[in-house]
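*Asks:* The following file, final.cif, comprises mmCIF, C-alpha atoms (C1' of nucleotides):
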data_target
loop_
_atom_site.label_atom_id
_atom_site.label_comp_id
_atom_site.auth_asym_id
_atom_site.auth_seq_id
_atom_site.Cartn_x
_atom_site.Cartn_y
_atom_site.Cartn_z
CA MET X 1 -17.73 -16.70 18.87
CA LYS X 2 -15.30 -13.99 19.95
CA ILE X 3 -12.37 -13.08 17.72
CA ALA X 4 -9.63 -10.66 18.74
CA SER X 5 -6.56 -8.94 17.40
CA TYR X 6 -3.68 -7.88 19.61
CA ASN X 7 -0.29 -6.44 18.69
CA ILE X 8 1.52 -7.74 21.76
CA ASN X 9 4.89 -6.01 21.10
CA GLY X 10 7.10 -8.81 22.42
CA ILE X 11 5.23 -11.96 23.48
CA ASN X 12 7.76 -13.23 26.01
CA GLY X 13 8.26 -9.88 27.68
CA ARG X 14 4.49 -9.66 28.12
CA LEU X 15 3.42 -13.27 28.55
CA ALA X 16 1.94 -12.70 32.02
CA LEU X 17 -0.05 -9.75 30.72
CA LEU X 18 -1.23 -11.75 27.69
CA LEU X 19 -2.41 -14.62 29.90
CA ARG X 20 -4.20 -12.19 32.20
CA TRP X 21 -6.01 -10.62 29.25
CA LEU X 22 -6.90 -14.03 27.74
CA LYS X 23 -8.44 -15.10 31.02
CA GLU X 24 -10.40 -11.86 31.37
CA SER X 25 -11.52 -11.48 27.76
CA ASN X 26 -11.93 -15.19 26.96
CA PRO X 27 -11.72 -14.94 23.14
CA ASP X 28 -12.16 -18.08 20.98
CA VAL X 29 -9.60 -16.92 18.40
CA VAL X 30 -6.77 -14.37 18.72
CA CYS X 31 -4.46 -12.97 16.07
CA LEU X 32 -1.19 -11.73 17.57
CA GLN X 33 1.42 -9.50 15.97
CA GLU X 34 4.94 -8.37 16.82
CA LEU X 35 5.90 -11.53 18.66
CA LYS X 36 9.57 -10.46 18.51
CA CYS X 37 10.70 -14.03 19.07
CA GLN X 38 11.93 -16.99 17.09
CA ASP X 39 9.76 -20.09 16.70
CA LYS X 40 11.86 -21.97 19.25
CA ASP X 41 11.05 -19.33 21.87
CA PHE X 42 7.31 -19.11 21.19
CA PRO X 43 5.47 -19.91 24.47
CA GLN X 44 3.37 -22.66 22.91
CA SER X 45 3.02 -24.85 26.00
CA ALA X 46 2.12 -21.96 28.34
CA LEU X 47 -0.64 -20.98 25.91
CA LEU X 48 -1.86 -24.56 25.57
CA LYS X 49 -2.01 -24.76 29.35
CA ALA X 50 -4.21 -21.65 29.22
CA GLY X 51 -6.50 -23.41 26.73
CA TYR X 52 -5.16 -22.15 23.40
CA HIS X 53 -3.77 -24.03 20.44
CA SER X 54 -1.46 -21.97 18.24
CA ILE X 55 0.22 -21.59 14.89
CA PHE X 56 2.98 -19.04 14.48
CA GLN X 57 5.60 -17.55 12.20
CA GLY X 58 8.33 -16.09 14.36
CA GLN X 59 11.43 -14.06 13.62
CA LYS X 60 14.35 -12.95 15.71
CA SER X 61 13.90 -9.48 17.28
CA TRP X 62 11.22 -8.19 14.94
CA ASN X 63 7.80 -8.87 13.47
CA GLY X 64 6.25 -12.31 14.01
CA VAL X 65 2.59 -13.35 13.82
CA ALA X 66 0.51 -16.04 15.51
CA ILE X 67 -3.04 -17.34 15.65
CA LEU X 68 -4.40 -18.76 18.90
CA ALA X 69 -7.65 -20.68 19.16
CA LYS X 70 -9.58 -22.85 21.58
CA GLN X 71 -9.63 -25.52 18.91
CA GLU X 72 -6.83 -26.96 16.79
CA ILE X 73 -5.96 -24.74 13.83
CA LYS X 74 -5.15 -26.06 10.38
CA GLU X 75 -2.43 -23.84 8.91
CA THR X 76 -3.31 -22.87 5.34
CA LYS X 77 -0.55 -20.38 4.52
CA ARG X 78 2.54 -18.64 5.88
CA GLY X 79 4.05 -15.64 4.14
CA LEU X 80 2.73 -14.07 0.94
CA ASN X 81 3.46 -14.93 -2.67
CA GLY X 82 5.23 -12.62 -5.05
CA ASP X 83 8.61 -11.94 -3.40
CA PRO X 84 10.80 -14.97 -2.59
CA ALA X 85 13.41 -12.64 -1.06
CA ASP X 86 10.98 -11.37 1.59
CA GLU X 87 12.07 -12.90 4.89
CA GLN X 88 9.91 -10.83 7.23
CA SER X 89 7.33 -12.77 9.24
CA ARG X 90 4.13 -10.86 8.64
CA TYR X 91 1.44 -13.27 7.49
CA ILE X 92 0.03 -16.52 8.76
CA GLU X 93 -3.33 -18.01 7.89
CA GLY X 94 -5.35 -20.81 9.34
CA PHE X 95 -8.67 -22.61 9.15
CA VAL X 96 -10.50 -22.89 12.46
CA PHE X 97 -14.15 -23.00 13.60
CA GLY X 98 -15.10 -23.26 9.92
CA MET X 99 -13.47 -19.93 9.03
CA VAL X 100 -10.39 -18.80 7.12
CA ILE X 101 -8.44 -16.38 9.31
CA GLY X 102 -5.54 -14.37 7.96
CA CYS X 103 -3.35 -12.77 10.61
CA ILE X 104 -1.38 -9.83 9.30
CA TYR X 105 1.31 -7.42 10.41
CA MET X 106 1.62 -4.83 7.68
CA PRO X 107 4.98 -3.03 7.36
CA ASN X 108 5.07 0.37 9.03
CA GLY X 109 6.54 2.09 5.96
CA ASN X 110 8.19 5.10 7.58
CA PRO X 111 10.02 7.15 6.61
CA ALA X 112 7.91 7.93 3.56
CA PRO X 113 8.79 8.19 0.78
CA GLY X 114 11.73 5.78 0.72
CA PRO X 115 12.59 2.07 0.46
CA LYS X 116 10.58 1.17 3.56
CA PHE X 117 7.51 2.83 2.10
CA ASP X 118 8.08 1.03 -1.22
CA TYR X 119 8.21 -2.26 0.69
CA LYS X 120 4.92 -1.39 2.40
CA LEU X 121 3.22 -0.62 -0.91
CA SER X 122 4.49 -3.80 -2.52
CA TRP X 123 3.56 -5.88 0.54
CA PHE X 124 0.06 -4.36 0.47
CA LYS X 125 -0.31 -5.27 -3.21
CA ARG X 126 0.78 -8.85 -2.59
CA PHE X 127 -1.62 -9.04 0.36
CA SER X 128 -4.57 -7.62 -1.60
CA SER X 129 -4.03 -10.04 -4.43
CA HIS X 130 -4.07 -12.94 -1.95
CA ALA X 131 -7.18 -11.50 -0.26
CA LYS X 132 -8.92 -11.46 -3.61
CA LYS X 133 -8.16 -15.15 -4.08
CA LEU X 134 -9.65 -15.94 -0.67
CA LEU X 135 -12.94 -14.37 -1.70
CA ALA X 136 -13.27 -16.84 -4.53
CA PHE X 137 -13.95 -19.62 -2.02
CA ASP X 138 -17.42 -19.90 -0.62
CA LEU X 139 -16.15 -19.64 2.96
CA PRO X 140 -16.21 -17.22 5.88
CA VAL X 141 -13.04 -15.10 5.60
CA LEU X 142 -11.53 -12.73 8.18
CA LEU X 143 -8.44 -10.58 7.70
CA VAL X 144 -7.27 -9.60 11.14
CA GLY X 145 -4.32 -7.70 12.49
CA ASP X 146 -2.17 -4.62 12.65
CA PHE X 147 -2.61 -3.01 9.24
CA ASN X 148 -0.51 0.05 10.07
CA VAL X 149 -3.16 2.02 8.22
CA ILE X 150 -5.10 5.00 9.57
CA PRO X 151 -8.12 4.57 7.27
CA THR X 152 -9.74 8.03 7.67
CA GLU X 153 -9.46 11.31 9.54
CA LEU X 154 -11.75 9.84 12.17
CA ASP X 155 -9.06 7.33 13.05
CA THR X 156 -6.44 9.73 14.40
CA TYR X 157 -6.50 12.29 17.18
CA LYS X 158 -4.78 14.82 14.92
CA PRO X 159 -5.07 14.20 11.15
CA GLU X 160 -2.85 17.14 10.16
CA LYS X 161 0.04 15.68 12.13
CA TYR X 162 -0.06 12.47 10.07
CA LEU X 163 -0.27 13.82 6.52
CA ALA X 164 3.38 12.98 5.81
CA ASN X 165 3.24 9.67 7.71
CA ALA X 166 3.28 6.28 5.99
CA LEU X 167 0.28 5.19 8.08
CA PHE X 168 -1.87 7.94 6.57
CA PHE X 169 -0.34 8.53 3.11
CA PRO X 170 -3.02 8.92 0.40
CA GLU X 171 -1.65 5.88 -1.48
CA ILE X 172 -2.00 3.72 1.61
CA ARG X 173 -5.50 4.90 2.43
CA LYS X 174 -6.49 4.26 -1.18
CA ALA X 175 -5.02 0.76 -1.08
CA TYR X 176 -7.03 0.07 2.09
CA GLU X 177 -10.21 1.42 0.51
CA LYS X 178 -9.60 -0.72 -2.55
CA LEU X 179 -9.12 -3.79 -0.38
CA LEU X 180 -12.50 -3.13 1.27
CA LYS X 181 -14.15 -2.63 -2.10
CA GLN X 182 -12.97 -6.09 -3.15
CA GLY X 183 -15.52 -7.42 -0.65
CA PHE X 184 -14.47 -6.76 2.94
CA THR X 185 -16.00 -4.69 5.72
CA ASP X 186 -14.10 -2.93 8.51
CA SER X 187 -16.14 -4.42 11.36
CA ILE X 188 -15.24 -1.93 14.11
CA ARG X 189 -16.01 1.06 11.87
CA LYS X 190 -19.29 -0.61 10.87
CA LEU X 191 -20.26 -0.91 14.54
CA TYR X 192 -19.08 2.60 15.45
CA PRO X 193 -19.65 4.67 12.29
CA ASP X 194 -19.03 8.11 13.79
CA GLU X 195 -16.83 7.58 16.83
CA ARG X 196 -13.20 8.46 17.32
CA ILE X 197 -11.99 5.09 18.50
CA TYR X 198 -8.33 4.10 18.84
CA THR X 199 -6.31 0.91 19.13
CA PHE X 200 -2.82 2.37 19.54
CA TYR X 201 -1.30 4.87 21.94
CA ASP X 202 2.35 5.86 21.66
CA TYR X 203 4.52 5.29 24.73
CA LEU X 204 5.79 8.83 24.22
CA ARG X 205 4.32 12.13 25.30
CA ASN X 206 1.79 10.61 27.67
CA ALA X 207 -0.35 9.66 24.66
CA PHE X 208 -2.67 7.29 26.52
CA ASP X 209 -3.67 9.78 29.19
CA ARG X 210 -4.25 12.45 26.54
CA ASP X 211 -6.31 9.99 24.45
CA ALA X 212 -3.91 10.80 21.59
CA GLY X 213 -4.45 7.56 19.72
CA LEU X 214 -4.65 5.96 16.30
CA ARG X 215 -6.88 3.20 14.94
CA LEU X 216 -4.48 0.79 13.24
CA ASP X 217 -5.73 -2.68 14.18
CA HIS X 218 -8.59 -3.94 12.07
CA LEU X 219 -10.87 -6.95 11.66
CA LEU X 220 -12.08 -7.17 8.07
CA LEU X 221 -14.94 -9.53 7.28
CA ASN X 222 -16.25 -10.90 4.04
CA GLN X 223 -20.00 -10.84 3.41
CA THR X 224 -20.61 -14.29 4.90
CA VAL X 225 -19.02 -13.31 8.21
CA LEU X 226 -20.49 -9.81 8.25
CA GLN X 227 -24.00 -11.25 8.45
CA ARG X 228 -23.05 -12.77 11.79
CA LEU X 229 -21.47 -9.65 13.35
CA SER X 230 -23.21 -8.84 16.63
CA ALA X 231 -20.77 -6.78 18.73
CA GLY X 232 -17.24 -5.46 18.95
CA GLY X 233 -14.98 -3.23 20.96
CA ILE X 234 -11.56 -2.20 22.12
CA ASP X 235 -10.12 -3.31 25.45
CA LYS X 236 -8.75 0.14 26.12
CA HIS X 237 -8.21 -0.50 29.83
CA VAL X 238 -5.56 -3.11 29.01
CA ARG X 239 -3.39 -0.32 27.58
CA GLY X 240 -3.35 1.11 31.11
CA TRP X 241 -1.97 -2.08 32.66
CA LYS X 242 1.64 -2.11 33.82
CA LYS X 243 4.03 -3.36 31.09
CA SER X 244 1.32 -3.03 28.44
CA SER X 245 1.92 -3.13 24.71
CA ASP X 246 1.45 0.20 22.95
CA HIS X 247 -1.55 -1.38 21.17
CA CYS X 248 -4.91 -2.39 22.69
CA PRO X 249 -6.70 -5.68 22.06
CA VAL X 250 -9.60 -5.30 19.59
CA TRP X 251 -12.42 -7.84 19.35
CA ILE X 252 -15.69 -8.74 17.68
CA VAL X 253 -18.45 -11.23 18.47
CA LEU X 254 -20.13 -13.34 15.80
CA ARG X 255 -23.53 -15.00 16.14
CA ASP X 256 -23.57 -18.76 15.76
CA GLU X 257 -24.54 -19.87 12.29
"C1'" DA J 1 13.20 20.51 15.00
"C1'" DT J 2 14.09 17.55 18.80
"C1'" DG J 3 13.06 14.18 22.04
"C1'" DG J 4 10.28 12.06 24.77
"C1'" DC J 5 9.31 5.68 25.71
"C1'" DT J 6 10.02 0.53 25.25
"C1'" DC J 7 11.13 -3.54 22.94
"C1'" DC J 8 14.91 -6.60 21.30
"C1'" DC J 9 19.91 -8.25 20.85
"C1'" DC J 10 26.33 -12.27 20.06
"C1'" DT J 11 23.48 -5.76 24.75
"C1'" DT J 12 25.57 -1.39 28.02
"C1'" DG J 13 24.20 1.56 22.63
"C1'" DG J 14 21.60 1.06 18.28
"C1'" DG J 15 17.64 -0.17 15.35
"C1'" DA J 16 12.83 -0.13 15.03
"C1'" DG J 17 8.48 1.13 16.19
"C1'" DA J 18 4.23 4.64 14.45
#
Using the file provided, produce a representation of the structure as structure tokens.

*Replies:*
Amino acid sequence: MKIASYNINGINGRLALLLRWLKESNPDVVCLQELKCQDKDFPQSALLKAGYHSIFQGQKSWNGVAILAKQEIKETKRGLNGDPADEQSRYIEGFVFGMVIGCIYMPNGNPAPGPKFDYKLSWFKRFSSHAKKLLAFDLPVLLVGDFNVIPTELDTYKPEKYLANALFFPEIRKAYEKLLKQGFTDSIRKLYPDERIYTFYDYLRNAFDRDAGLRLDHLLLNQTVLQRLSAGGIDKHVRGWKKSSDHCPVWIVLRDE
DNA sequence: ATGGCTCCCCTTGGGAGA
């Protein structure tokens, strides 16, 4: 069972690239972020033709999250509780292959401090409180997506450059740590405890060629899923493809139960 | 300190991204 996360940065502008990667990587489940399209423009039939069912929460121009799977997905939640005025599409959750999968696109939060950072903090709190509820069920739970969090100094090419950045602010790193302590494991960091390993390369300043990256995309597993973790990695080469997103696909493999 | 790049939209310049 292969599960991936990919911030696609515009699904329609990169549909050909997405289909190419799906064919090559052959994941069973994919969490996508930054669709940048409305529901009516989501390429559902093209994906079905490629072998993937989907659930999605779109939005015009910005944000947008989707889950793809080789099996029909039962949608269990869209959006988070706690702020009825929040109209940003950043969370969708489904039940598939016997697992609960939450697909997230955390707010960026820059510039920090400021209203955008406040929104990030409050969104994170709402998300963590939902994550805690998920742990109460005796089910495999995965929280997958673009967290917009650089968890530690090992997750950025230049820590000192990010000290004043919302991705690396102490409050955000603490919130991430607290989320893990609730009962989740950062699967990629578990598999590569000491390596500088990145999932994002800025389009600017030739970041990819300089390996000036950040690790922002995470697959968090509860204890039940962690026991099945057998491999994982980052499809770094995809970032080098023409018309690539600024993020790389990240994936893990779980043993069958 | 700035800008470099790339996406999207009631587009031709601005907002957002990280």

*Asks:* Between X:Ser129, X:Gln227, X:Ser61, X:Gln88, which is the closest to chain J once you count only C-alpha atoms (C1' of nucleotides)?

*Replies:*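 Result for the nearest residue to chain J: X:Ser61.
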
*Asks:* So what does the PyMOL selection byres ((chain J and resi 7) around 8) actually pick up in this one, as an MDAnalysis selection string?

*Replies:* (chainID X and resid 9:10) or (chainID J and resid 6 8)

*Asks:* How far is it from CA of Tyr192 (chain X) to CA of Lys161 (chain X), in Å with one decimal?

*Replies:*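 CA of Lys161 (chain X) lies 23.4 Å from CA of Tyr192 (chain X).
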
*Asks:* How close does each residue of chain J get to chain X, giving the shortest atom pair and distance in Å to one decimal for every residue with an atom at most 12 Å away, counting only C-alpha atoms (C1' of nucleotides), sorted by chain and residue number, as a tab-separated table?

*Replies:*
residue	atom	partner	partner_atom	distance
J:DG3	C1'	X:Leu204	CA	9.3
J:DG4	C1'	X:Leu204	CA	5.6
J:DC5	C1'	X:Tyr203	CA	4.9
J:DT6	C1'	X:Tyr203	CA	7.3
J:DC7	C1'	X:Gly10	CA	6.7
J:DC8	C1'	X:Ser61	CA	5.0
J:DC9	C1'	X:Ser61	CA	7.1
J:DG15	C1'	X:Ser61	CA	10.2
J:DA16	C1'	X:Trp62	CA	8.2
J:DG17	C1'	X:Asn108	CA	8.0
J:DA18	C1'	X:Asn108	CA	7.0

*Asks:* What is the distance between CA of Asn222 (chain X) and CA of Phe184 (chain X), in Å to one decimal?

*Replies:*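 The value is 4.6 Å.
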
*Asks:* Mind pulling up the distance from CA of Asp146 (chain X) to CA of His237 (chain X)?

*Replies:*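 So the two atoms, CA of His237 (chain X) and CA of Asp146 (chain X), lie 18.7 Å apart.
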
*Asks:* Please evaluate the PyMOL selection byres ((chain X and resi 177) around 12) against the structure above and give the resulting residues as a list of chain:residue names.

*Replies:* X:Phe124, X:Ser128, X:Val149, X:Ile150, X:Pro151, X:Thr152, X:Pro170, X:Glu171, X:Ile172, X:Arg173, X:Lys174, X:Ala175, X:Tyr176, X:Lys178, X:Leu179, X:Leu180, X:Lys181, X:Gln182, X:Gly183, X:Phe184, X:Thr185, X:Asp186, X:Leu220
